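Asker: structure_25.cif is reproduced below (mmCIF, C-alpha atoms and all ligand atoms).
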```
data_query
#
loop_
_atom_site.label_atom_id
_atom_site.label_comp_id
_atom_site.auth_asym_id
_atom_site.auth_seq_id
_atom_site.Cartn_x
_atom_site.Cartn_y
_atom_site.Cartn_z
CA MET A 1268 4.93 -13.64 17.33
CA THR A 1269 5.32 -17.37 17.80
CA ASP A 1270 7.70 -19.45 15.70
CA GLU A 1271 4.93 -22.00 15.29
CA VAL A 1272 2.75 -19.61 13.26
CA ASN A 1273 5.79 -18.48 11.28
CA THR A 1274 6.14 -21.87 9.64
CA TYR A 1275 2.65 -21.81 8.13
CA GLY A 1276 1.88 -20.76 4.59
CA LYS A 1277 0.69 -17.23 3.91
CA GLY A 1278 -2.88 -18.35 3.25
CA THR A 1279 -2.94 -19.80 6.77
CA ILE A 1280 -1.26 -16.79 8.35
CA ALA A 1281 -3.90 -14.54 6.75
CA VAL A 1282 -6.65 -16.59 8.39
CA GLN A 1283 -5.15 -17.15 11.83
CA GLY A 1284 -2.56 -14.42 12.24
CA THR A 1285 -0.44 -14.48 15.36
CA TYR A 1286 -3.34 -14.24 17.78
CA GLN A 1287 -3.34 -17.09 20.29
CA PRO A 1288 -6.42 -17.40 22.51
CA GLU A 1289 -5.82 -18.05 26.18
CA GLN A 1290 -7.61 -20.94 27.89
CA GLY A 1291 -11.29 -20.09 27.45
CA GLY A 1292 -10.39 -16.87 25.63
CA THR A 1293 -12.11 -15.44 22.58
CA ARG A 1294 -11.33 -17.39 19.40
CA VAL A 1295 -11.52 -14.22 17.33
CA LEU A 1296 -8.95 -11.45 17.85
CA PRO A 1297 -10.66 -9.21 20.41
CA LEU A 1298 -11.23 -5.51 20.00
CA TYR A 1299 -9.34 -3.69 22.77
CA GLN A 1300 -11.24 -0.43 22.64
CA SER A 1301 -9.23 1.42 25.26
CA THR A 1302 -7.00 4.46 25.12
CA THR A 1303 -4.91 3.34 28.01
CA TYR A 1304 -3.44 0.45 30.03
CA ALA A 1305 -3.03 -0.11 33.75
CA TYR A 1306 0.25 -0.96 35.56
CA GLU A 1307 1.17 -1.85 39.14
CA THR A 1308 4.20 0.34 39.75
CA ALA A 1309 5.79 3.58 38.56
CA ASP A 1310 8.85 1.54 37.59
CA ASP A 1311 6.71 -0.64 35.28
CA THR A 1312 5.58 2.38 33.30
CA ALA A 1313 9.07 3.89 33.37
CA ALA A 1314 10.45 0.70 31.78
CA LEU A 1315 7.85 0.97 29.03
CA PHE A 1316 8.64 4.65 28.44
CA ASN A 1317 12.31 3.73 28.24
CA LEU A 1318 11.47 1.08 25.62
CA GLN A 1319 13.08 -1.51 27.93
CA ALA A 1320 9.88 -3.53 28.40
CA ALA A 1321 7.28 -4.66 25.89
CA GLY A 1322 3.70 -3.58 26.43
CA HIS A 1323 1.23 -0.84 25.66
CA LEU A 1324 1.24 2.64 27.13
CA TYR A 1325 -1.30 4.62 25.22
CA SER A 1326 -3.28 3.86 22.04
CA ARG A 1327 -1.74 6.78 20.14
CA ILE A 1328 1.43 4.68 20.10
CA SER A 1329 0.25 1.06 20.23
CA ASN A 1330 -2.72 -1.13 21.11
CA PRO A 1331 -3.08 -4.94 21.38
CA THR A 1332 -5.68 -5.27 18.58
CA VAL A 1333 -3.66 -3.04 16.28
CA ALA A 1334 -0.43 -4.85 17.25
CA SER A 1335 -1.83 -8.26 16.35
CA PHE A 1336 -2.94 -6.95 12.96
CA GLU A 1337 0.49 -5.36 12.43
CA GLU A 1338 2.27 -8.64 13.24
CA LYS A 1339 0.11 -10.50 10.75
CA ILE A 1340 0.81 -8.08 7.90
CA ALA A 1341 4.53 -8.03 8.74
CA LEU A 1342 4.55 -11.83 8.48
CA LEU A 1343 2.55 -11.84 5.25
CA GLU A 1344 4.99 -9.37 3.68
CA GLY A 1345 8.09 -11.08 5.08
CA GLY A 1346 9.05 -7.98 7.07
CA VAL A 1347 10.41 -7.67 10.60
CA ALA A 1348 7.80 -5.24 11.93
CA ALA A 1349 4.89 -3.08 10.81
CA VAL A 1350 3.14 0.07 11.99
CA ALA A 1351 -0.53 0.53 11.13
CA THR A 1352 -1.66 4.06 10.36
CA ALA A 1353 -4.89 6.04 10.06
CA SER A 1354 -4.93 5.79 6.27
CA GLY A 1355 -2.82 4.80 3.29
CA MET A 1356 -1.84 8.44 2.88
CA ALA A 1357 -0.62 8.51 6.49
CA ALA A 1358 1.43 5.37 5.80
CA ILE A 1359 3.09 7.01 2.80
CA LEU A 1360 3.70 10.27 4.66
CA ASN A 1361 5.20 8.47 7.66
CA SER A 1362 7.35 6.18 5.52
CA ILE A 1363 8.97 9.27 4.01
CA LEU A 1364 9.16 11.61 7.01
CA ASN A 1365 10.86 8.80 8.93
CA ILE A 1366 13.98 9.19 6.76
CA ALA A 1367 13.74 12.51 4.92
CA GLN A 1368 13.75 16.03 6.27
CA ALA A 1369 13.90 19.66 5.12
CA GLY A 1370 16.53 20.03 2.41
CA ASP A 1371 16.18 16.44 1.21
CA THR A 1372 14.75 15.15 -2.05
CA ILE A 1373 13.01 11.91 -2.95
CA LEU A 1374 12.76 10.10 -6.27
CA SER A 1375 9.31 8.89 -7.27
CA SER A 1376 7.77 7.21 -10.26
CA ASN A 1377 5.23 9.52 -11.92
CA GLN A 1378 2.82 6.61 -12.39
CA ILE A 1379 1.25 6.72 -8.96
CA TYR A 1380 -2.07 7.38 -7.26
CA GLY A 1381 -3.21 11.02 -7.73
CA GLY A 1382 -3.45 11.61 -3.98
CA THR A 1383 0.19 10.57 -3.60
CA THR A 1384 1.28 12.88 -6.42
CA ASN A 1385 -0.56 15.64 -4.61
CA LEU A 1386 1.14 14.83 -1.31
CA PHE A 1387 4.52 14.91 -3.06
CA THR A 1388 3.92 18.13 -5.01
CA ALA A 1389 1.68 20.18 -2.68
CA ASN A 1390 2.46 19.14 0.88
CA LEU A 1391 5.92 17.56 1.12
CA PRO A 1392 7.46 20.84 -0.14
CA LYS A 1393 5.94 22.52 2.95
CA PHE A 1394 8.14 20.17 5.00
CA GLY A 1395 11.07 21.24 2.82
CA ILE A 1396 11.17 17.91 0.94
CA LYS A 1397 11.23 18.02 -2.87
CA THR A 1398 10.21 15.20 -5.20
CA LYS A 1399 11.93 14.44 -8.49
CA PHE A 1400 9.58 12.35 -10.62
CA PHE A 1401 10.85 9.76 -13.07
CA ASP A 1402 9.24 7.87 -15.91
CA GLN A 1403 9.36 4.26 -14.76
CA ASN A 1404 9.98 3.20 -18.36
CA ALA A 1405 13.20 5.26 -18.45
CA SER A 1406 16.50 3.38 -18.17
CA ALA A 1407 18.10 2.72 -14.78
CA GLU A 1408 20.92 5.10 -15.75
CA GLU A 1409 18.48 7.94 -16.52
CA ILE A 1410 16.73 7.50 -13.18
CA ILE A 1411 20.01 7.25 -11.27
CA ALA A 1412 21.15 10.49 -12.90
CA LEU A 1413 18.30 12.37 -11.14
CA ALA A 1414 19.73 11.66 -7.70
CA ASP A 1415 22.20 13.77 -5.75
CA GLU A 1416 23.56 13.80 -2.21
CA THR A 1417 20.22 15.12 -0.87
CA THR A 1418 18.24 12.14 -2.22
CA LYS A 1419 16.91 9.85 0.52
CA LEU A 1420 14.67 7.26 -1.08
CA VAL A 1421 13.05 5.81 -4.20
CA PHE A 1422 9.25 5.40 -4.34
CA ALA A 1423 6.98 3.48 -6.74
CA GLU A 1424 3.81 1.35 -6.87
CA THR A 1425 3.67 -2.40 -7.63
CA VAL A 1426 0.84 -1.85 -10.11
CA SER A 1427 0.21 1.78 -10.84
CA ASN A 1428 -3.16 3.38 -10.10
CA PRO A 1429 -4.93 3.79 -12.55
CA SER A 1430 -2.63 3.12 -15.53
CA ILE A 1431 -2.15 -0.55 -14.44
CA GLU A 1432 1.55 -0.76 -15.28
CA VAL A 1433 3.51 -3.47 -13.44
CA LEU A 1434 6.70 -2.15 -11.90
CA ASP A 1435 9.97 -3.43 -13.32
CA PHE A 1436 11.31 -4.51 -9.93
CA GLU A 1437 14.63 -5.67 -11.31
CA LYS A 1438 15.37 -2.23 -12.73
CA ILE A 1439 13.99 -0.09 -9.91
CA SER A 1440 15.62 -2.15 -7.17
CA LYS A 1441 18.89 -1.87 -9.06
CA VAL A 1442 18.46 1.92 -9.09
CA ALA A 1443 17.97 1.93 -5.32
CA LYS A 1444 20.93 -0.40 -4.75
CA VAL A 1445 23.30 1.62 -6.94
CA LEU A 1446 22.27 4.78 -5.07
CA ASP A 1447 22.42 2.94 -1.73
CA LEU A 1448 18.93 4.25 -0.92
CA PRO A 1449 15.86 2.45 0.44
CA LEU A 1450 13.16 1.47 -2.04
CA ILE A 1451 9.64 2.17 -0.73
CA ILE A 1452 6.88 0.32 -2.57
CA ASP A 1453 3.17 1.04 -2.37
CA SER A 1454 1.53 -2.36 -2.89
CA SER A 1455 -2.07 -1.28 -2.21
CA LEU A 1456 -3.46 -2.48 -5.53
CA THR A 1457 -1.94 -5.93 -5.28
CA GLY A 1458 -1.80 -6.81 -1.58
CA PRO A 1459 0.40 -9.38 0.18
CA ALA A 1460 -1.50 -12.37 -1.22
CA LEU A 1461 -0.32 -11.65 -4.77
CA ILE A 1462 3.12 -10.09 -4.42
CA ASN A 1463 5.70 -9.48 -1.72
CA PRO A 1464 7.85 -6.51 -2.76
CA LEU A 1465 10.41 -7.19 0.00
CA GLU A 1466 11.34 -10.38 -1.89
CA LEU A 1467 11.82 -8.32 -5.06
CA GLY A 1468 14.28 -5.75 -3.75
CA ALA A 1469 12.05 -3.36 -1.81
CA ASP A 1470 13.12 -2.24 1.66
CA ILE A 1471 9.84 -0.82 2.93
CA VAL A 1472 6.29 -1.69 1.84
CA VAL A 1473 3.30 0.58 2.36
CA HIS A 1474 -0.34 -0.26 1.90
CA SER A 1475 -3.60 1.52 1.92
CA THR A 1476 -5.22 -1.24 4.00
CA SER A 1477 -8.51 0.34 2.92
CA LYS A 1478 -7.97 -1.64 -0.30
CA TYR A 1479 -7.47 -5.42 -0.66
CA ILE A 1480 -6.27 -6.03 2.90
CA ASP A 1481 -9.62 -4.94 4.37
CA GLY A 1482 -11.39 -5.88 1.16
CA HIS A 1483 -14.85 -4.95 2.38
CA ALA A 1484 -14.67 -1.15 2.10
CA SER A 1485 -15.44 -0.90 5.80
CA ALA A 1486 -12.34 0.77 7.29
CA VAL A 1487 -9.87 3.39 6.08
CA GLY A 1488 -6.33 2.52 7.13
CA GLY A 1489 -2.72 2.07 6.13
CA ILE A 1490 0.37 0.17 7.16
CA VAL A 1491 4.14 0.54 6.82
CA VAL A 1492 6.14 -2.71 6.78
CA ASP A 1493 9.85 -2.65 7.60
CA GLY A 1494 11.89 -5.22 5.65
CA GLY A 1495 14.66 -4.95 8.25
CA LYS A 1496 17.50 -5.35 5.74
CA PHE A 1497 18.50 -1.83 4.73
CA ASN A 1498 21.84 -0.61 6.06
CA TRP A 1499 20.88 2.65 7.81
CA GLU A 1500 24.51 3.10 8.85
CA ASN A 1501 25.65 4.04 5.33
CA GLY A 1502 26.16 7.66 6.37
CA LYS A 1503 22.95 8.99 4.81
CA PHE A 1504 20.56 8.48 7.73
CA PRO A 1505 22.06 9.97 10.90
CA GLU A 1506 18.58 10.24 12.49
CA LEU A 1507 18.49 6.45 12.76
CA VAL A 1508 22.04 6.16 14.03
CA GLU A 1509 22.67 9.11 16.34
CA PRO A 1510 20.91 9.59 19.69
CA ASP A 1511 17.32 10.85 19.39
CA GLU A 1512 17.07 13.72 21.87
CA SER A 1513 13.28 13.69 21.52
CA TYR A 1514 13.40 10.18 22.96
CA HIS A 1515 15.97 10.56 25.73
CA GLY A 1516 18.90 9.56 23.59
CA VAL A 1517 17.59 6.34 22.01
CA ARG A 1518 19.81 5.13 19.12
CA TYR A 1519 17.49 3.25 16.81
CA VAL A 1520 20.00 1.08 14.93
CA ALA A 1521 22.16 0.34 17.96
CA ASP A 1522 19.21 -0.34 20.25
CA PHE A 1523 16.71 -2.01 17.90
CA GLY A 1524 18.82 -3.53 15.12
CA LYS A 1525 16.69 -4.82 12.25
CA GLY A 1526 13.57 -3.11 13.65
CA ALA A 1527 15.22 0.33 13.77
CA TYR A 1528 13.11 1.97 11.04
CA ALA A 1529 9.77 0.66 12.36
CA THR A 1530 10.65 1.53 15.95
CA LYS A 1531 11.59 5.09 15.07
CA LEU A 1532 8.46 5.46 12.97
CA ARG A 1533 6.27 4.40 15.89
CA VAL A 1534 7.89 5.93 18.93
CA GLN A 1535 8.96 9.20 17.34
CA LEU A 1536 6.77 9.98 14.32
CA VAL A 1537 3.45 8.34 15.16
CA ARG A 1538 3.84 9.50 18.73
CA ASP A 1539 4.12 13.12 17.52
CA LEU A 1540 1.90 13.09 14.43
CA GLY A 1541 -0.84 11.04 16.09
CA ASN A 1542 -1.82 9.19 12.92
CA ILE A 1543 -1.98 5.62 14.22
CA GLN A 1544 -4.72 3.26 13.10
CA ASN A 1545 -7.58 3.12 15.59
CA PRO A 1546 -8.38 -0.23 17.25
CA PHE A 1547 -11.85 -0.59 15.71
CA ASN A 1548 -10.51 -0.12 12.19
CA ALA A 1549 -7.68 -2.58 12.91
CA TYR A 1550 -10.28 -5.06 14.22
CA LEU A 1551 -12.42 -4.70 11.08
CA THR A 1552 -9.44 -4.76 8.75
CA ASN A 1553 -8.00 -7.82 10.44
CA LEU A 1554 -11.33 -9.60 10.07
CA GLY A 1555 -11.40 -8.69 6.38
CA SER A 1556 -7.81 -9.78 5.87
CA GLU A 1557 -8.65 -13.32 7.02
CA THR A 1558 -10.02 -14.07 3.53
CA LEU A 1559 -7.30 -12.15 1.66
CA ASP A 1560 -5.87 -15.18 -0.13
CA LEU A 1561 -9.23 -16.50 -1.28
CA ARG A 1562 -10.49 -13.08 -2.34
CA CYS A 1563 -7.40 -12.18 -4.34
CA GLN A 1564 -7.58 -15.42 -6.30
CA LYS A 1565 -11.21 -14.70 -7.18
CA HIS A 1566 -10.59 -11.00 -7.92
CA SER A 1567 -7.82 -12.06 -10.31
CA SER A 1568 -9.75 -14.79 -12.12
CA ASN A 1569 -12.84 -12.56 -12.44
CA ALA A 1570 -10.75 -9.65 -13.73
CA LEU A 1571 -9.12 -11.87 -16.32
CA SER A 1572 -12.54 -13.02 -17.59
CA VAL A 1573 -13.77 -9.41 -17.72
CA ALA A 1574 -10.59 -8.15 -19.44
CA GLU A 1575 -10.74 -10.96 -22.03
CA TRP A 1576 -14.39 -10.16 -22.74
CA LEU A 1577 -13.74 -6.40 -22.94
CA SER A 1578 -10.86 -6.88 -25.35
CA GLN A 1579 -13.27 -8.50 -27.83
CA GLN A 1580 -15.80 -5.65 -27.85
CA GLU A 1581 -16.10 -3.28 -30.81
CA ALA A 1582 -16.95 -0.32 -28.57
CA VAL A 1583 -13.80 -0.76 -26.43
CA THR A 1584 -10.71 1.14 -27.58
CA PHE A 1585 -8.14 -0.41 -25.21
CA VAL A 1586 -7.91 -2.70 -22.20
CA LYS A 1587 -5.08 -2.67 -19.65
CA TYR A 1588 -4.75 -5.81 -17.56
CA PRO A 1589 -1.42 -7.56 -16.99
CA GLY A 1590 -3.11 -10.97 -17.00
CA LEU A 1591 -4.21 -10.49 -20.63
CA LYS A 1592 -1.92 -12.29 -23.08
CA THR A 1593 -2.15 -9.31 -25.44
CA ASP A 1594 -1.24 -6.75 -22.75
CA SER A 1595 2.13 -5.00 -23.08
CA GLN A 1596 2.68 -5.89 -19.40
CA TYR A 1597 1.87 -9.60 -19.76
CA GLU A 1598 5.45 -10.90 -19.44
CA ARG A 1599 6.14 -8.70 -16.45
CA GLY A 1600 2.82 -9.70 -14.93
CA GLN A 1601 3.74 -13.39 -15.26
CA LYS A 1602 7.14 -12.69 -13.70
CA TYR A 1603 6.00 -10.67 -10.71
CA LEU A 1604 2.34 -11.58 -10.27
CA PRO A 1605 2.19 -15.32 -11.05
CA LYS A 1606 -0.61 -15.90 -8.53
CA GLY A 1607 -2.91 -13.38 -10.21
CA ALA A 1608 -2.88 -9.80 -11.40
CA SER A 1609 -5.56 -8.50 -8.96
CA GLY A 1610 -8.97 -7.07 -9.84
CA MET A 1611 -7.85 -3.76 -11.32
CA VAL A 1612 -8.62 -3.26 -15.01
CA SER A 1613 -8.48 -0.03 -17.02
CA PHE A 1614 -10.11 0.47 -20.38
CA GLY A 1615 -11.51 3.07 -22.77
CA VAL A 1616 -14.65 3.26 -24.87
CA LYS A 1617 -15.24 4.87 -28.27
CA GLY A 1618 -16.44 8.43 -27.81
CA GLY A 1619 -13.84 9.62 -25.30
CA ALA A 1620 -14.61 11.21 -21.93
CA ASP A 1621 -18.34 11.77 -22.59
CA ALA A 1622 -18.87 8.16 -23.58
CA ALA A 1623 -16.80 7.00 -20.58
CA LYS A 1624 -19.03 8.98 -18.23
CA ALA A 1625 -22.23 7.81 -19.95
CA PHE A 1626 -21.01 4.21 -19.69
CA ILE A 1627 -20.43 4.66 -15.96
CA ASP A 1628 -23.83 6.34 -15.41
CA GLN A 1629 -25.66 3.45 -17.07
CA LEU A 1630 -24.11 0.72 -14.93
CA ASP A 1631 -26.31 -0.96 -12.39
CA LEU A 1632 -24.57 -3.77 -10.47
CA ILE A 1633 -21.18 -2.07 -10.71
CA LYS A 1634 -21.36 1.04 -8.56
CA LEU A 1635 -19.62 4.34 -9.10
CA VAL A 1636 -17.50 4.84 -5.95
CA THR A 1637 -14.35 6.69 -4.91
CA HIS A 1638 -12.67 3.47 -3.94
CA CYS A 1639 -11.33 0.28 -5.40
CA ALA A 1640 -10.07 -3.16 -4.43
CA ASP A 1641 -13.02 -4.37 -2.42
CA ILE A 1642 -15.31 -7.34 -2.92
CA ARG A 1643 -18.00 -5.33 -4.74
CA SER A 1644 -17.26 -4.39 -8.34
CA SER A 1645 -16.89 -0.65 -8.75
CA VAL A 1646 -15.88 1.90 -11.31
CA ILE A 1647 -14.54 5.44 -11.54
CA HIS A 1648 -13.47 8.00 -14.13
CA PRO A 1649 -10.03 9.04 -12.74
CA ALA A 1650 -9.50 12.11 -14.96
CA SER A 1651 -12.52 13.87 -13.42
CA THR A 1652 -12.17 12.47 -9.88
CA THR A 1653 -9.17 10.82 -8.18
CA HIS A 1654 -6.64 12.49 -10.51
CA ARG A 1655 -8.58 15.69 -11.16
CA GLN A 1656 -6.32 17.89 -9.01
CA LEU A 1657 -3.33 17.06 -11.24
CA SER A 1658 -2.26 19.29 -14.11
CA ALA A 1659 -2.76 18.02 -17.67
CA GLU A 1660 0.97 17.16 -17.80
CA GLN A 1661 0.83 15.29 -14.49
CA GLN A 1662 -2.27 13.39 -15.63
CA ALA A 1663 -0.57 12.42 -18.87
CA ALA A 1664 2.58 11.36 -17.00
CA SER A 1665 0.60 9.17 -14.60
CA GLY A 1666 -1.15 7.50 -17.53
CA VAL A 1667 -4.56 9.11 -16.94
CA THR A 1668 -6.30 9.83 -20.21
CA GLU A 1669 -9.72 11.47 -20.55
CA GLU A 1670 -11.28 8.27 -21.83
CA LEU A 1671 -9.80 5.93 -19.18
CA ILE A 1672 -12.27 4.03 -17.00
CA ARG A 1673 -10.90 2.26 -13.93
CA LEU A 1674 -12.78 -0.88 -13.11
CA SER A 1675 -12.26 -2.65 -9.82
CA VAL A 1676 -13.52 -6.15 -10.45
CA GLY A 1677 -15.13 -7.69 -7.37
CA ILE A 1678 -15.81 -11.29 -6.41
CA GLU A 1679 -19.39 -11.52 -7.69
CA GLU A 1680 -20.19 -14.01 -10.43
CA PRO A 1681 -18.23 -13.02 -13.53
CA ALA A 1682 -21.28 -13.46 -15.80
CA ASP A 1683 -23.16 -10.82 -13.80
CA ILE A 1684 -20.25 -8.35 -13.93
CA ILE A 1685 -19.89 -8.86 -17.69
CA GLY A 1686 -23.67 -8.68 -18.12
CA ASP A 1687 -23.77 -5.24 -16.48
CA ILE A 1688 -20.91 -3.97 -18.62
CA ALA A 1689 -22.57 -5.40 -21.75
CA GLN A 1690 -25.90 -3.70 -21.10
CA SER A 1691 -24.22 -0.33 -20.55
CA LEU A 1692 -21.97 -0.67 -23.61
CA ALA A 1693 -25.03 -1.57 -25.71
CA LYS A 1694 -26.71 1.69 -24.71
CA LEU A 1695 -23.71 3.69 -25.97
CA SER A 1696 -24.18 2.67 -29.57
N1 LIG A 1701 -2.00 4.28 -2.52
C1 LIG A 1701 -2.78 3.88 -3.53
C2 LIG A 1701 -2.18 3.10 -4.66
C3 LIG A 1701 -4.15 4.20 -3.54
O1 LIG A 1701 -4.91 3.79 -4.56
C4 LIG A 1701 -4.68 4.94 -2.45
C5 LIG A 1701 -6.10 5.33 -2.40
O2 LIG A 1701 -6.86 5.14 -3.33
C6 LIG A 1701 -3.82 5.35 -1.44
C7 LIG A 1701 -2.49 5.00 -1.49
C8 LIG A 1701 -4.31 6.16 -0.28
O3 LIG A 1701 -4.93 5.31 0.64
P1 LIG A 1701 -6.05 5.81 1.67
O4 LIG A 1701 -7.26 6.18 0.88
O5 LIG A 1701 -6.25 4.64 2.57
O6 LIG A 1701 -5.48 6.99 2.39
#
```
Please go through the file and, once you have read it, give me the structure as structure tokens.
Answerer:
Amino acid sequence: MTDEVNTYGKGTIAVQGTYQPEQGGTRVLPLYQSTTYAYETADDTAALFNLQAAGHLYSRISNPTVASFEEKIALLEGGVAAVATASGMAAILNSILNIAQAGDTILSSNQIYGGTTNLFTANLPKFGIKTKFFDQNASAEEIIALADETTKLVFAETVSNPSIEVLDFEKISKVAKVLDLPLIIDSSLTGPALINPLELGADIVVHSTSKYIDGHASAVGGIVVDGGKFNWENGKFPELVEPDESYHGVRYVADFGKGAYATKLRVQLVRDLGNIQNPFNAYLTNLGSETLDLRCQKHSSNALSVAEWLSQQEAVTFVKYPGLKTDSQYERGQKYLPKGASGMVSFGVKGGADAAKAFIDQLDLIKLVTHCADIRSSVIHPASTTHRQLSAEQQAASGVTEELIRLSVGIEEPADIIGDIAQSLAKLS
């Protein structure tokens, strides 16, 4: 990273990143589509293996295209380092396995993406890690009371998928601070152009880069950003402090200081799990991220127009959008998302689940897809799709009702998005 780029605003960093072309070099970040890298001497590679020299050894651990993308996202989030992963799920998994092991527990909000709930309830227990879920509207004291000496972290989303509740950062970061545990925030549905959780008390930020960061629905990916401020020497995280025998005795905090968490995640976990982001996806995602600032402004203004229009329709039973003055989350939205509340809107129509599905089937411009947060408006019925694997209690806890429709408002002309919704609503009556 160069200090020069560091002084620019985030809108500029998104466009130009840290990539600096050489004399006559490509202006656009090049795609280094290579598994491996050549060196002159055995000592050169030994220095890299010993983490004494910077450079790339093998693309399962790092790659120049991926590295440039990682540096950009780290800068945009205000972190010290980032590790890009194969998917958002891989980012979440890695962020947890990096500091929790068999016998440990984690605390998580229950208002999270259904796939994450599934990871926490079906697969983390196979690693011996249990999740205690909390209602993010509970008091700080109630949440704190769930923790014990086995608890290693607190997890939540900036804006929950699909219930569209804005996290009370003041309260949740207080919980983490009182417990002296790192706060991991999934900011996939907001992205670094709208909110920077590290400035609001988070210690680690994870993204499904498949969402707003790519923005074009062209590449699945994830990223873990290390805020570099958590004190790993508080006695709860010996793996970061004591020598790592799987890496010839490296001591992450002593040897890498503020970048300890990200370094361990890369050289130990990603090395062994093999879930790094591939260079082509990093190339595509980086390209997409160049317009992040512009897109998120337009997503937010379009979503506000759509939410305002929806809230005036007879056939609509409720609308959830933090930018709406009538929304229960409005104040919190203004506090934490002053630049815009993203393109995610949830609402219900009269007639429950059947009407919700009929509404979706009759849309034309807005496509039914298992995705969100890209430039094209899209829609899904979470109860029968993304959150279907959850029990009725888990669905209710995560705010998924049978009638809920999740709309991801794109950057098309707002009149066309509203026009499509209007024609489908009209057919319901
Ligand atoms: N986190 C959130 C909030 C999501 O909405 C998703 C996917 O929809 C994920 C994580 C998982 O990301 P990915 O699909 O890139 O694995």
Asker: Grab me every residue within 9 Å of ligand LIG 1701 (chain A), counting only C-alpha atoms and all ligand atoms, and send it over as a PDB file with C-alpha atoms, in the coordinates of the input.
Answerer:
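Generated file (pocket37.pdb):
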```pdb
ATOM      1  CA  ALA A1353      -4.890   6.040  10.060  1.00  0.00           C
ATOM      2  CA  SER A1354      -4.930   5.790   6.270  1.00  0.00           C
ATOM      3  CA  GLY A1355      -2.820   4.800   3.290  1.00  0.00           C
ATOM      4  CA  MET A1356      -1.840   8.440   2.880  1.00  0.00           C
ATOM      5  CA  ALA A1357      -0.620   8.510   6.490  1.00  0.00           C
ATOM      6  CA  ALA A1358       1.430   5.370   5.800  1.00  0.00           C
ATOM      7  CA  ILE A1359       3.090   7.010   2.800  1.00  0.00           C
ATOM      8  CA  ILE A1379       1.250   6.720  -8.960  1.00  0.00           C
ATOM      9  CA  TYR A1380      -2.070   7.380  -7.260  1.00  0.00           C
ATOM     10  CA  GLY A1381      -3.210  11.020  -7.730  1.00  0.00           C
ATOM     11  CA  GLY A1382      -3.450  11.610  -3.980  1.00  0.00           C
ATOM     12  CA  THR A1383       0.190  10.570  -3.600  1.00  0.00           C
ATOM     13  CA  GLU A1424       3.810   1.350  -6.870  1.00  0.00           C
ATOM     14  CA  THR A1425       3.670  -2.400  -7.630  1.00  0.00           C
ATOM     15  CA  VAL A1426       0.840  -1.850 -10.110  1.00  0.00           C
ATOM     16  CA  SER A1427       0.210   1.780 -10.840  1.00  0.00           C
ATOM     17  CA  ASN A1428      -3.160   3.380 -10.100  1.00  0.00           C
ATOM     18  CA  PRO A1429      -4.930   3.790 -12.550  1.00  0.00           C
ATOM     19  CA  ASP A1453       3.170   1.040  -2.370  1.00  0.00           C
ATOM     20  CA  SER A1454       1.530  -2.360  -2.890  1.00  0.00           C
ATOM     21  CA  SER A1455      -2.070  -1.280  -2.210  1.00  0.00           C
ATOM     22  CA  LEU A1456      -3.460  -2.480  -5.530  1.00  0.00           C
ATOM     23  CA  VAL A1473       3.300   0.580   2.360  1.00  0.00           C
ATOM     24  CA  HIS A1474      -0.340  -0.260   1.900  1.00  0.00           C
ATOM     25  CA  SER A1475      -3.600   1.520   1.920  1.00  0.00           C
ATOM     26  CA  THR A1476      -5.220  -1.240   4.000  1.00  0.00           C
ATOM     27  CA  SER A1477      -8.510   0.340   2.920  1.00  0.00           C
ATOM     28  CA  LYS A1478      -7.970  -1.640  -0.300  1.00  0.00           C
ATOM     29  CA  ALA A1486     -12.340   0.770   7.290  1.00  0.00           C
ATOM     30  CA  VAL A1487      -9.870   3.390   6.080  1.00  0.00           C
ATOM     31  CA  GLY A1488      -6.330   2.520   7.130  1.00  0.00           C
ATOM     32  CA  GLY A1489      -2.720   2.070   6.130  1.00  0.00           C
ATOM     33  CA  THR A1637     -14.350   6.690  -4.910  1.00  0.00           C
ATOM     34  CA  HIS A1638     -12.670   3.470  -3.940  1.00  0.00           C
ATOM     35  CA  CYS A1639     -11.330   0.280  -5.400  1.00  0.00           C
ATOM     36  CA  ALA A1640     -10.070  -3.160  -4.430  1.00  0.00           C
ATOM     37  CA  THR A1653      -9.170  10.820  -8.180  1.00  0.00           C
TER      38      THR A1653
END
```
Asker: From (-8.8, 0.3, 12.5), in the file's coordinates, out to 8 Å: which residues are reached, counting all atoms listed in the file? Answer as a ChimeraX atom specification.
Answerer: /A:1333,1353,1486-1488,1544-1552
Asker: If we count all atoms listed in the file, what is near A:Val1586 at a cut-off of 9 Å, once residues fewer than 2 positions away on the same chain are taken out, given as a PyMOL selection string?
Answerer: chain A and resi 1574-1575+1577-1578+1583-1584+1588+1591+1594+1612-1615
Asker: Could you produce a table of the residues of stretch 1296-1345 of chain A lying within 12 Å of stretch 1517-1522 of chain A, with the nearest pair of atoms per residue and their separation in Å rounded to one decimal, using only C-alpha atoms, ordered by chain and increasing residue number, as JSON lines?
Answerer:
```
{"residue": "A:Phe1316", "atom": "CA", "partner": "A:Val1517", "partner_atom": "CA", "distance": 11.1}
{"residue": "A:Asn1317", "atom": "CA", "partner": "A:Val1517", "partner_atom": "CA", "distance": 8.6}
{"residue": "A:Leu1318", "atom": "CA", "partner": "A:Val1517", "partner_atom": "CA", "distance": 8.8}
{"residue": "A:Gln1319", "atom": "CA", "partner": "A:Asp1522", "partner_atom": "CA", "distance": 9.9}
```
Asker: Do a neighbour search on stretch 1557-1562 of chain A at 6 Å with all atoms listed in the file, toss out local chain neighbours closer than 6 positions, and write the hits as JSON, numbers by chain.
Answerer: {"A": [1278, 1281, 1282, 1460]}
Asker: Selected residues, C-alpha atoms, written as a short mmCIF file (atom, residue, chain, number, x, y, z; two decimals), keeping the file's coordinate frame, please.
Answerer:
```
data_model
loop_
_atom_site.label_atom_id
_atom_site.label_comp_id
_atom_site.auth_asym_id
_atom_site.auth_seq_id
_atom_site.Cartn_x
_atom_site.Cartn_y
_atom_site.Cartn_z
CA GLY A 1278 -2.88 -18.35 3.25
CA ALA A 1281 -3.90 -14.54 6.75
CA VAL A 1282 -6.65 -16.59 8.39
CA ALA A 1460 -1.50 -12.37 -1.22
#
```
